[in-house]
There are 2 protein chains.
Amino acid sequence: MNIQSLEDLTDFKRDLEVLEEKQFLLLVETNQDIIKVSTKTALKNLPKIFDEAIKIGNTKGFNATSLRDLSQATDMSLGKIYTYISAKDDLLLMLHSHYIKVIEDTFNQIGLPHKNPMDNLLLAVKAHLYLSQVFRPWFYFAFTESKHLNKKIIALAKESELKSDLYFRNIIQSGIQAKRFAAVDMNFTSSMIKALLQDWYLKPWKYAERNIDVDSYFKEIANLLTIYLTAKH
Amino acid sequence: MNIQSLEDLTDFKRDLEVLEEKQFLLLVETNQDIIKVSTKTALKNLPKIFDEAIKIGNTKGFNATSLRDLSQATDMSLGKIYTYISAKDDLLLMLHSHYIKVIEDTFNQIGLPHKNPMDNLLLAVKAHLYLSQVFRPWFYFAFTESKHLNKKIIALAKESELKSDLYFRNIIQSGIQAKRFAAVDMNFTSSMIKALLQDWYLKPWKYAERNIDVDSYFKEIANLLTIYLTAKH
DNA sequence: TTATATTATGAACGATCGTTCACATTATTG
DNA sequence: CAATAATGTGAACGATCGTTCATAATATAA
């Protein structure tokens, strides 16, 4: 993935799709004890199960989504679905571990390429925004279904959450140390950024109604951060 | 309710409790076709049903909460619970209409007492923050269970959402017109404020971990808004 | 006290759920 | 082609759910 790709959402989307396919292959290979079909067959059917599970889950909630709902949506029999998962809870675990890896992979490839902390911060914001735009159904799912996770998945999710928290905090801290940023509260600032990013994928209808696309939303955040981080306090 | 009470959360909390009791009485009286016991008995038992339903719902989700769970938590038999509700969905409807009224009542009593738009804005922010602090379980419940609402409740909730949206937008607009605020994007600014308020009740553990109480969180928001709304853009 | 009204109980019913597995179908190999 | 392997099917099972209601327990009135 190239940093330049963040200039354009379309390129970023294509890169992410390639990255996701790679992760699907890894997922199938590491779950061969559960998945009872060949890798080739699994790669054909599992993504559809994932997609429909997220889609139905986002309207009814995962708990209220029955495997018969999923069976109908995927055009697969109940038995067929059970050749890819060992239990309904297992599907949740697979979904989370898959997307956590996809998301972390993305950020590992982006890194902190700039010298100017503000450039790095805005790149991180844009990357998060683009990522939640491309995988919006998943981001929405992960947030609203977080209540139903078991301890194993919660541990995964918290670890991932802490990483992205640290990501922002480190950039802000380096900006303050370099006297490029005002001496703001790092925790509050990173919280604020994440809250704004969250609003984007939690309330898509609001921004759609106002005809605000991801790029203009980014500009608003960038403007806010520039003012907040460079004004005299 | 007195505006001065917003200087102190304890007073505000007491005022809200009185206000809520009033609303409970109204709720019982307007639902006499459903509630099969005397008002006195209902006022003794219904609040407990509400509290426990929210409490269990916040850990398992309302859908996964069985009436047997609720029965155990409230120390009431299944039959007893059914003398207060006509169906499980009905409980959701009662909860929403109750709290929507409590919340709207609060803001009707606060109004826009100041001449300075910034004072009004910060008062509105503080009121929201205090309100979500006192009724945090409900705010959390309402947000995370919004997916499961039927059309009737969605209409109620959207109307209430629009009102609070307008509340902030109007204050910001009057500030811009009076040239007290910079010419910011009203929609983005009110969205940002709501996102920050939401973070407070959606992720209480985060702020608890950092030993940040509601007043210091308010100060951070106030600081941000002051800088953003008065800086030269 | 007795009689009546109010409130509380929880076994039982039908529906739906997650899950299994004997079997059918299709694809691959020899 | 036949034989074998791989994949797909959906009726059936036990558990749990929301809901009802005949009955019991308690409070109130006479």
# chains A, B, ... in the order shown; residues from 1 in each chain; ligands from 1

$ interface_residues --of "chain D" --to "chain B" --cutoff "12 Å" --atoms "only C-alpha atoms (C1' of nucleotides)" --output "list of chain:residue names"
D:DT16, D:DC17, D:DG18, D:DT19, D:DT20, D:DC21

$ residues_around --residues "DT29 (chain C)" --least-positions-apart "5" --cutoff "10 Å" --atoms "only C-alpha atoms (C1' of nucleotides)" --output "VMD selection string"
chain D and resid 3 to 5

$ interface_residues --of "chain B" --to "chain C" --cutoff "12 Å" --atoms "only C-alpha atoms (C1' of nucleotides)" --output "VMD selection string"
chain B and resid 36 to 38 41 to 42 45 68 71 75 to 84

$ write_last_selection --atoms "N, CA and C atoms" --output "PDB file, in the first residue's frame"
ATOM      1  N   LYS B  36     -52.643  -3.440  35.232  1.00  0.00           N
ATOM      2  CA  LYS B  36     -53.844  -4.042  35.815  1.00  0.00           C
ATOM      3  C   LYS B  36     -53.917  -3.921  37.330  1.00  0.00           C
ATOM      4  N   VAL B  37     -53.096  -3.041  37.893  1.00  0.00           N
ATOM      5  CA  VAL B  37     -53.137  -2.853  39.351  1.00  0.00           C
ATOM      6  C   VAL B  37     -53.350  -1.376  39.676  1.00  0.00           C
ATOM      7  N   SER B  38     -53.525  -1.091  40.952  1.00  0.00           N
ATOM      8  CA  SER B  38     -53.759   0.294  41.369  1.00  0.00           C
ATOM      9  C   SER B  38     -52.510   1.140  41.140  1.00  0.00           C
ATOM     10  N   THR B  41     -49.805   0.610  43.781  1.00  0.00           N
ATOM     11  CA  THR B  41     -49.014  -0.612  43.587  1.00  0.00           C
ATOM     12  C   THR B  41     -48.062  -0.475  42.396  1.00  0.00           C
ATOM     13  N   ALA B  42     -48.564   0.135  41.334  1.00  0.00           N
ATOM     14  CA  ALA B  42     -47.739   0.303  40.136  1.00  0.00           C
ATOM     15  C   ALA B  42     -46.514   1.162  40.420  1.00  0.00           C
ATOM     16  N   ASN B  45     -43.828  -0.925  42.043  1.00  0.00           N
ATOM     17  CA  ASN B  45     -43.158  -2.006  41.315  1.00  0.00           C
ATOM     18  C   ASN B  45     -42.588  -1.637  39.941  1.00  0.00           C
ATOM     19  N   ARG B  68     -37.598 -14.135  32.219  1.00  0.00           N
ATOM     20  CA  ARG B  68     -37.206 -14.914  33.395  1.00  0.00           C
ATOM     21  C   ARG B  68     -36.005 -14.279  34.092  1.00  0.00           C
ATOM     22  N   SER B  71     -37.546 -11.427  35.839  1.00  0.00           N
ATOM     23  CA  SER B  71     -38.314 -11.940  36.968  1.00  0.00           C
ATOM     24  C   SER B  71     -37.413 -12.192  38.178  1.00  0.00           C
ATOM     25  N   ASP B  75     -37.314  -9.957  41.643  1.00  0.00           N
ATOM     26  CA  ASP B  75     -38.014 -10.748  42.669  1.00  0.00           C
ATOM     27  C   ASP B  75     -39.525 -10.738  42.436  1.00  0.00           C
ATOM     28  N   MET B  76     -39.913 -10.732  41.182  1.00  0.00           N
ATOM     29  CA  MET B  76     -41.340 -10.787  40.853  1.00  0.00           C
ATOM     30  C   MET B  76     -41.581 -12.006  39.966  1.00  0.00           C
ATOM     31  N   SER B  77     -42.763 -12.560  40.084  1.00  0.00           N
ATOM     32  CA  SER B  77     -43.078 -13.705  39.230  1.00  0.00           C
ATOM     33  C   SER B  77     -43.340 -13.225  37.808  1.00  0.00           C
ATOM     34  N   LEU B  78     -43.312 -14.159  36.865  1.00  0.00           N
ATOM     35  CA  LEU B  78     -43.595 -13.814  35.473  1.00  0.00           C
ATOM     36  C   LEU B  78     -44.965 -13.160  35.352  1.00  0.00           C
ATOM     37  N   GLY B  79     -45.937 -13.742  36.054  1.00  0.00           N
ATOM     38  CA  GLY B  79     -47.286 -13.199  35.999  1.00  0.00           C
ATOM     39  C   GLY B  79     -47.363 -11.775  36.521  1.00  0.00           C
ATOM     40  N   LYS B  80     -46.613 -11.511  37.573  1.00  0.00           N
ATOM     41  CA  LYS B  80     -46.633 -10.172  38.164  1.00  0.00           C
ATOM     42  C   LYS B  80     -46.106  -9.142  37.165  1.00  0.00           C
ATOM     43  N   ILE B  81     -45.038  -9.485  36.502  1.00  0.00           N
ATOM     44  CA  ILE B  81     -44.482  -8.564  35.502  1.00  0.00           C
ATOM     45  C   ILE B  81     -45.520  -8.265  34.421  1.00  0.00           C
ATOM     46  N   TYR B  82     -46.282  -9.282  34.062  1.00  0.00           N
ATOM     47  CA  TYR B  82     -47.286  -9.105  33.011  1.00  0.00           C
ATOM     48  C   TYR B  82     -48.524  -8.322  33.465  1.00  0.00           C
ATOM     49  N   THR B  83     -48.554  -7.920  34.716  1.00  0.00           N
ATOM     50  CA  THR B  83     -49.626  -7.003  35.113  1.00  0.00           C
ATOM     51  C   THR B  83     -49.206  -5.549  34.886  1.00  0.00           C
ATOM     52  N   TYR B  84     -47.934  -5.356  34.496  1.00  0.00           N
ATOM     53  CA  TYR B  84     -47.439  -4.001  34.248  1.00  0.00           C
ATOM     54  C   TYR B  84     -47.142  -3.744  32.772  1.00  0.00           C
TER      55      TYR B  84
END

$ closest_atom_pairs --of "chain A" --to "chain B" --cutoff "9 Å" --atoms "only C-alpha atoms" --output "tab-separated table"
residue	atom	partner	partner_atom	distance
A:Asn58	CA	B:Lys147	CA	7.8
A:Thr59	CA	B:Lys147	CA	6.5
A:Lys60	CA	B:His148	CA	6.4
A:Gly61	CA	B:Lys147	CA	6.9
A:Asn63	CA	B:Ala64	CA	6.8
A:Ala64	CA	B:Asn63	CA	6.8
A:Thr144	CA	B:Thr144	CA	6.2
A:Glu145	CA	B:Thr144	CA	8.5
A:Lys147	CA	B:Thr59	CA	6.6
A:His148	CA	B:Lys60	CA	6.5
A:Asp185	CA	B:Glu220	CA	8.2
A:Asn187	CA	B:Arg210	CA	8.7
A:Phe188	CA	B:Glu220	CA	7.2
A:Ser191	CA	B:Asp199	CA	8.1
A:Met192	CA	B:Leu196	CA	6.4
A:Ala195	CA	B:Ala195	CA	5.7
A:Leu196	CA	B:Ala195	CA	6.3
A:Gln198	CA	B:Ala195	CA	8.1
A:Asp199	CA	B:Ala195	CA	6.3
A:Arg210	CA	B:Asn187	CA	8.7
A:Tyr217	CA	B:Phe188	CA	8.2
A:Glu220	CA	B:Phe188	CA	7.2
A:Ile221	CA	B:Phe188	CA	8.8
A:Asn223	CA	B:His233	CA	8.6
A:Leu224	CA	B:Tyr228	CA	6.7
A:Ile227	CA	B:Tyr228	CA	6.4
A:Tyr228	CA	B:Tyr228	CA	6.4
A:Ala231	CA	B:Ile227	CA	7.2
A:Lys232	CA	B:Ile227	CA	8.6
A:His233	CA	B:Ile227	CA	7.8

$ write_last_selection --atoms "C-alpha atoms" --output "mmCIF file, in the first residue's frame"
data_model
loop_
_atom_site.group_PDB
_atom_site.id
_atom_site.type_symbol
_atom_site.label_atom_id
_atom_site.label_comp_id
_atom_site.auth_asym_id
_atom_site.auth_seq_id
_atom_site.Cartn_x
_atom_site.Cartn_y
_atom_site.Cartn_z
ATOM 1 C CA ASN A 58 -26.657 -4.430 11.424
ATOM 2 C CA THR A 59 -30.422 -4.363 11.022
ATOM 3 C CA LYS A 60 -31.658 -6.896 13.580
ATOM 4 C CA GLY A 61 -28.669 -7.263 15.842
ATOM 5 C CA ASN A 63 -28.324 -11.948 18.722
ATOM 6 C CA ALA A 64 -31.663 -11.654 16.999
ATOM 7 C CA THR A 144 -22.947 -1.967 18.298
ATOM 8 C CA GLU A 145 -22.365 -5.654 19.005
ATOM 9 C CA LYS A 147 -21.823 -5.946 24.290
ATOM 10 C CA HIS A 148 -22.239 -9.550 23.236
ATOM 11 C CA ASP A 185 -4.540 17.367 27.120
ATOM 12 C CA ASN A 187 -6.070 12.048 26.379
ATOM 13 C CA PHE A 188 -8.899 14.435 25.699
ATOM 14 C CA SER A 191 -10.656 10.907 22.671
ATOM 15 C CA MET A 192 -12.144 13.762 20.711
ATOM 16 C CA ALA A 195 -15.348 10.358 18.892
ATOM 17 C CA LEU A 196 -15.457 12.309 15.629
ATOM 18 C CA GLN A 198 -16.914 7.171 15.344
ATOM 19 C CA ASP A 199 -19.699 9.555 14.495
ATOM 20 C CA ARG A 210 -26.478 16.705 4.487
ATOM 21 C CA TYR A 217 -15.868 15.596 6.658
ATOM 22 C CA GLU A 220 -13.809 19.840 8.855
ATOM 23 C CA ILE A 221 -11.864 17.673 11.284
ATOM 24 C CA ASN A 223 -9.708 22.499 10.317
ATOM 25 C CA LEU A 224 -10.791 21.861 13.897
ATOM 26 C CA ILE A 227 -7.205 25.554 15.184
ATOM 27 C CA TYR A 228 -7.247 23.606 18.438
ATOM 28 C CA ALA A 231 -4.022 28.331 18.884
ATOM 29 C CA LYS A 232 -2.546 29.941 21.963
ATOM 30 C CA HIS A 233 -4.211 28.482 25.036
#

$ select_by_dssp --residues "region 37-100 of chain A" --states "helix (DSSP H, G or I)" --output "JSON, numbers by chain"
{"A": [39, 40, 41, 42, 43, 44, 45, 46, 47, 48, 49, 50, 51, 52, 53, 54, 55, 56, 57, 58, 59, 60, 67, 68, 69, 70, 71, 72, 73, 74, 78, 79, 80, 81, 88, 89, 90, 91, 92, 93, 94, 95, 96, 97, 98, 99, 100]}

$ write_last_selection --atoms "N, CA and C atoms" --output "compact mmCIF listing (two decimals), in the first residue's frame"
# COMPACT_ATOMS: atom_id res chain seq x y z
N THR A 39 -9.92 -25.33 0.89
CA THR A 39 -9.65 -23.89 0.94
C THR A 39 -10.36 -23.17 -0.19
N LYS A 40 -10.33 -23.80 -1.35
CA LYS A 40 -10.95 -23.19 -2.53
C LYS A 40 -12.45 -22.97 -2.30
N THR A 41 -13.11 -24.00 -1.81
CA THR A 41 -14.56 -23.89 -1.54
C THR A 41 -14.83 -22.88 -0.43
N ALA A 42 -13.99 -22.90 0.58
CA ALA A 42 -14.18 -21.98 1.70
C ALA A 42 -14.06 -20.53 1.25
N LEU A 43 -13.07 -20.26 0.40
CA LEU A 43 -12.87 -18.89 -0.07
C LEU A 43 -14.03 -18.40 -0.92
N LYS A 44 -14.78 -19.36 -1.46
CA LYS A 44 -15.93 -18.98 -2.27
C LYS A 44 -17.13 -18.65 -1.38
N ASN A 45 -17.29 -19.39 -0.29
CA ASN A 45 -18.52 -19.27 0.51
C ASN A 45 -18.40 -18.44 1.79
N LEU A 46 -17.23 -18.54 2.45
CA LEU A 46 -17.09 -17.87 3.74
C LEU A 46 -17.28 -16.35 3.66
N PRO A 47 -16.70 -15.69 2.64
CA PRO A 47 -16.91 -14.23 2.56
C PRO A 47 -18.39 -13.87 2.47
N LYS A 48 -19.16 -14.69 1.78
CA LYS A 48 -20.58 -14.41 1.67
C LYS A 48 -21.28 -14.54 3.02
N ILE A 49 -20.87 -15.57 3.77
CA ILE A 49 -21.43 -15.75 5.12
C ILE A 49 -21.09 -14.53 5.98
N PHE A 50 -19.82 -14.10 5.89
CA PHE A 50 -19.40 -12.91 6.66
C PHE A 50 -20.24 -11.69 6.28
N ASP A 51 -20.32 -11.43 4.99
CA ASP A 51 -21.02 -10.24 4.52
C ASP A 51 -22.48 -10.21 4.97
N GLU A 52 -23.14 -11.35 4.79
CA GLU A 52 -24.57 -11.38 5.12
C GLU A 52 -24.78 -11.33 6.63
N ALA A 53 -23.89 -11.97 7.38
CA ALA A 53 -24.00 -11.93 8.84
C ALA A 53 -23.89 -10.49 9.34
N ILE A 54 -22.96 -9.74 8.76
CA ILE A 54 -22.80 -8.33 9.14
C ILE A 54 -24.02 -7.53 8.72
N LYS A 55 -24.48 -7.80 7.51
CA LYS A 55 -25.61 -7.04 6.97
C LYS A 55 -26.87 -7.25 7.81
N ILE A 56 -27.21 -8.50 8.06
CA ILE A 56 -28.41 -8.77 8.86
C ILE A 56 -28.21 -8.31 10.30
N GLY A 57 -27.00 -8.57 10.82
CA GLY A 57 -26.69 -8.13 12.18
C GLY A 57 -26.86 -6.63 12.36
N ASN A 58 -26.55 -5.88 11.32
CA ASN A 58 -26.66 -4.43 11.42
C ASN A 58 -28.10 -3.94 11.39
N THR A 59 -29.02 -4.79 10.99
CA THR A 59 -30.42 -4.36 11.02
C THR A 59 -31.17 -4.96 12.22
N LYS A 60 -30.93 -6.24 12.49
CA LYS A 60 -31.66 -6.90 13.58
C LYS A 60 -30.85 -7.03 14.86
N LEU A 67 -29.73 -18.42 12.51
CA LEU A 67 -28.98 -19.06 11.44
C LEU A 67 -29.88 -19.38 10.27
N ARG A 68 -31.18 -19.41 10.52
CA ARG A 68 -32.12 -19.59 9.41
C ARG A 68 -32.22 -18.31 8.58
N ASP A 69 -32.14 -17.16 9.25
CA ASP A 69 -32.03 -15.89 8.52
C ASP A 69 -30.80 -15.90 7.62
N LEU A 70 -29.70 -16.29 8.24
CA LEU A 70 -28.42 -16.31 7.52
C LEU A 70 -28.46 -17.30 6.37
N SER A 71 -29.11 -18.43 6.64
CA SER A 71 -29.24 -19.46 5.61
C SER A 71 -29.99 -18.93 4.40
N GLN A 72 -31.07 -18.22 4.67
CA GLN A 72 -31.88 -17.66 3.58
C GLN A 72 -31.11 -16.59 2.80
N ALA A 73 -30.42 -15.71 3.54
CA ALA A 73 -29.72 -14.60 2.91
C ALA A 73 -28.55 -15.07 2.05
N THR A 74 -27.91 -16.15 2.47
CA THR A 74 -26.74 -16.63 1.75
C THR A 74 -27.08 -17.70 0.72
N LEU A 78 -28.69 -24.87 6.27
CA LEU A 78 -28.15 -24.80 7.63
C LEU A 78 -26.90 -25.66 7.75
N GLY A 79 -26.98 -26.86 7.18
CA GLY A 79 -25.84 -27.77 7.25
C GLY A 79 -24.61 -27.19 6.59
N LYS A 80 -24.81 -26.52 5.47
CA LYS A 80 -23.67 -25.95 4.74
C LYS A 80 -22.98 -24.89 5.58
N ILE A 81 -23.76 -24.07 6.22
CA ILE A 81 -23.17 -23.03 7.08
C ILE A 81 -22.34 -23.66 8.19
N LYS A 88 -22.54 -20.60 16.44
CA LYS A 88 -22.87 -19.22 16.10
C LYS A 88 -21.86 -18.25 16.74
N ASP A 89 -21.49 -18.53 17.98
CA ASP A 89 -20.50 -17.69 18.66
C ASP A 89 -19.17 -17.69 17.92
N ASP A 90 -18.88 -18.84 17.32
CA ASP A 90 -17.64 -18.99 16.58
C ASP A 90 -17.58 -18.02 15.41
N LEU A 91 -18.72 -17.77 14.83
CA LEU A 91 -18.79 -16.82 13.72
C LEU A 91 -18.36 -15.43 14.17
N LEU A 92 -18.82 -15.03 15.34
CA LEU A 92 -18.42 -13.74 15.91
C LEU A 92 -16.91 -13.66 16.09
N LEU A 93 -16.35 -14.73 16.62
CA LEU A 93 -14.91 -14.78 16.87
C LEU A 93 -14.13 -14.65 15.57
N MET A 94 -14.57 -15.39 14.56
CA MET A 94 -13.90 -15.33 13.26
C MET A 94 -14.00 -13.93 12.66
N LEU A 95 -15.16 -13.35 12.72
CA LEU A 95 -15.36 -12.00 12.18
C LEU A 95 -14.40 -11.01 12.84
N HIS A 96 -14.38 -11.04 14.17
CA HIS A 96 -13.52 -10.08 14.86
C HIS A 96 -12.05 -10.30 14.57
N SER A 97 -11.60 -11.53 14.64
CA SER A 97 -10.16 -11.75 14.45
C SER A 97 -9.77 -11.40 13.01
N HIS A 98 -10.68 -11.64 12.08
CA HIS A 98 -10.40 -11.29 10.69
C HIS A 98 -10.22 -9.78 10.52
N TYR A 99 -11.22 -9.03 10.95
CA TYR A 99 -11.17 -7.59 10.68
C TYR A 99 -10.14 -6.86 11.53
N ILE A 100 -9.90 -7.37 12.72
CA ILE A 100 -8.84 -6.77 13.54
C ILE A 100 -7.51 -6.85 12.80

$ residues_around --residues "Lys126 (chain B)" --least-positions-apart "5" --cutoff "12 Å" --atoms "only C-alpha atoms (C1' of nucleotides)" --output "JSON, numbers by chain"
{"B": [3, 4, 5, 6, 7, 8, 9, 12, 107, 110, 119, 120, 121, 131, 132, 133, 193, 194, 196, 197, 200, 214, 215, 216, 217, 218, 219, 220, 221, 222]}

$ atom_distance --atom1 "CA of Leu202 (chain A)" --atom2 "CA of Phe141 (chain B)"
15.5 Å

$ atom_distance --atom1 "CA of Asn211 (chain B)" --atom2 "CA of Thr10 (chain B)"
18.7 Å
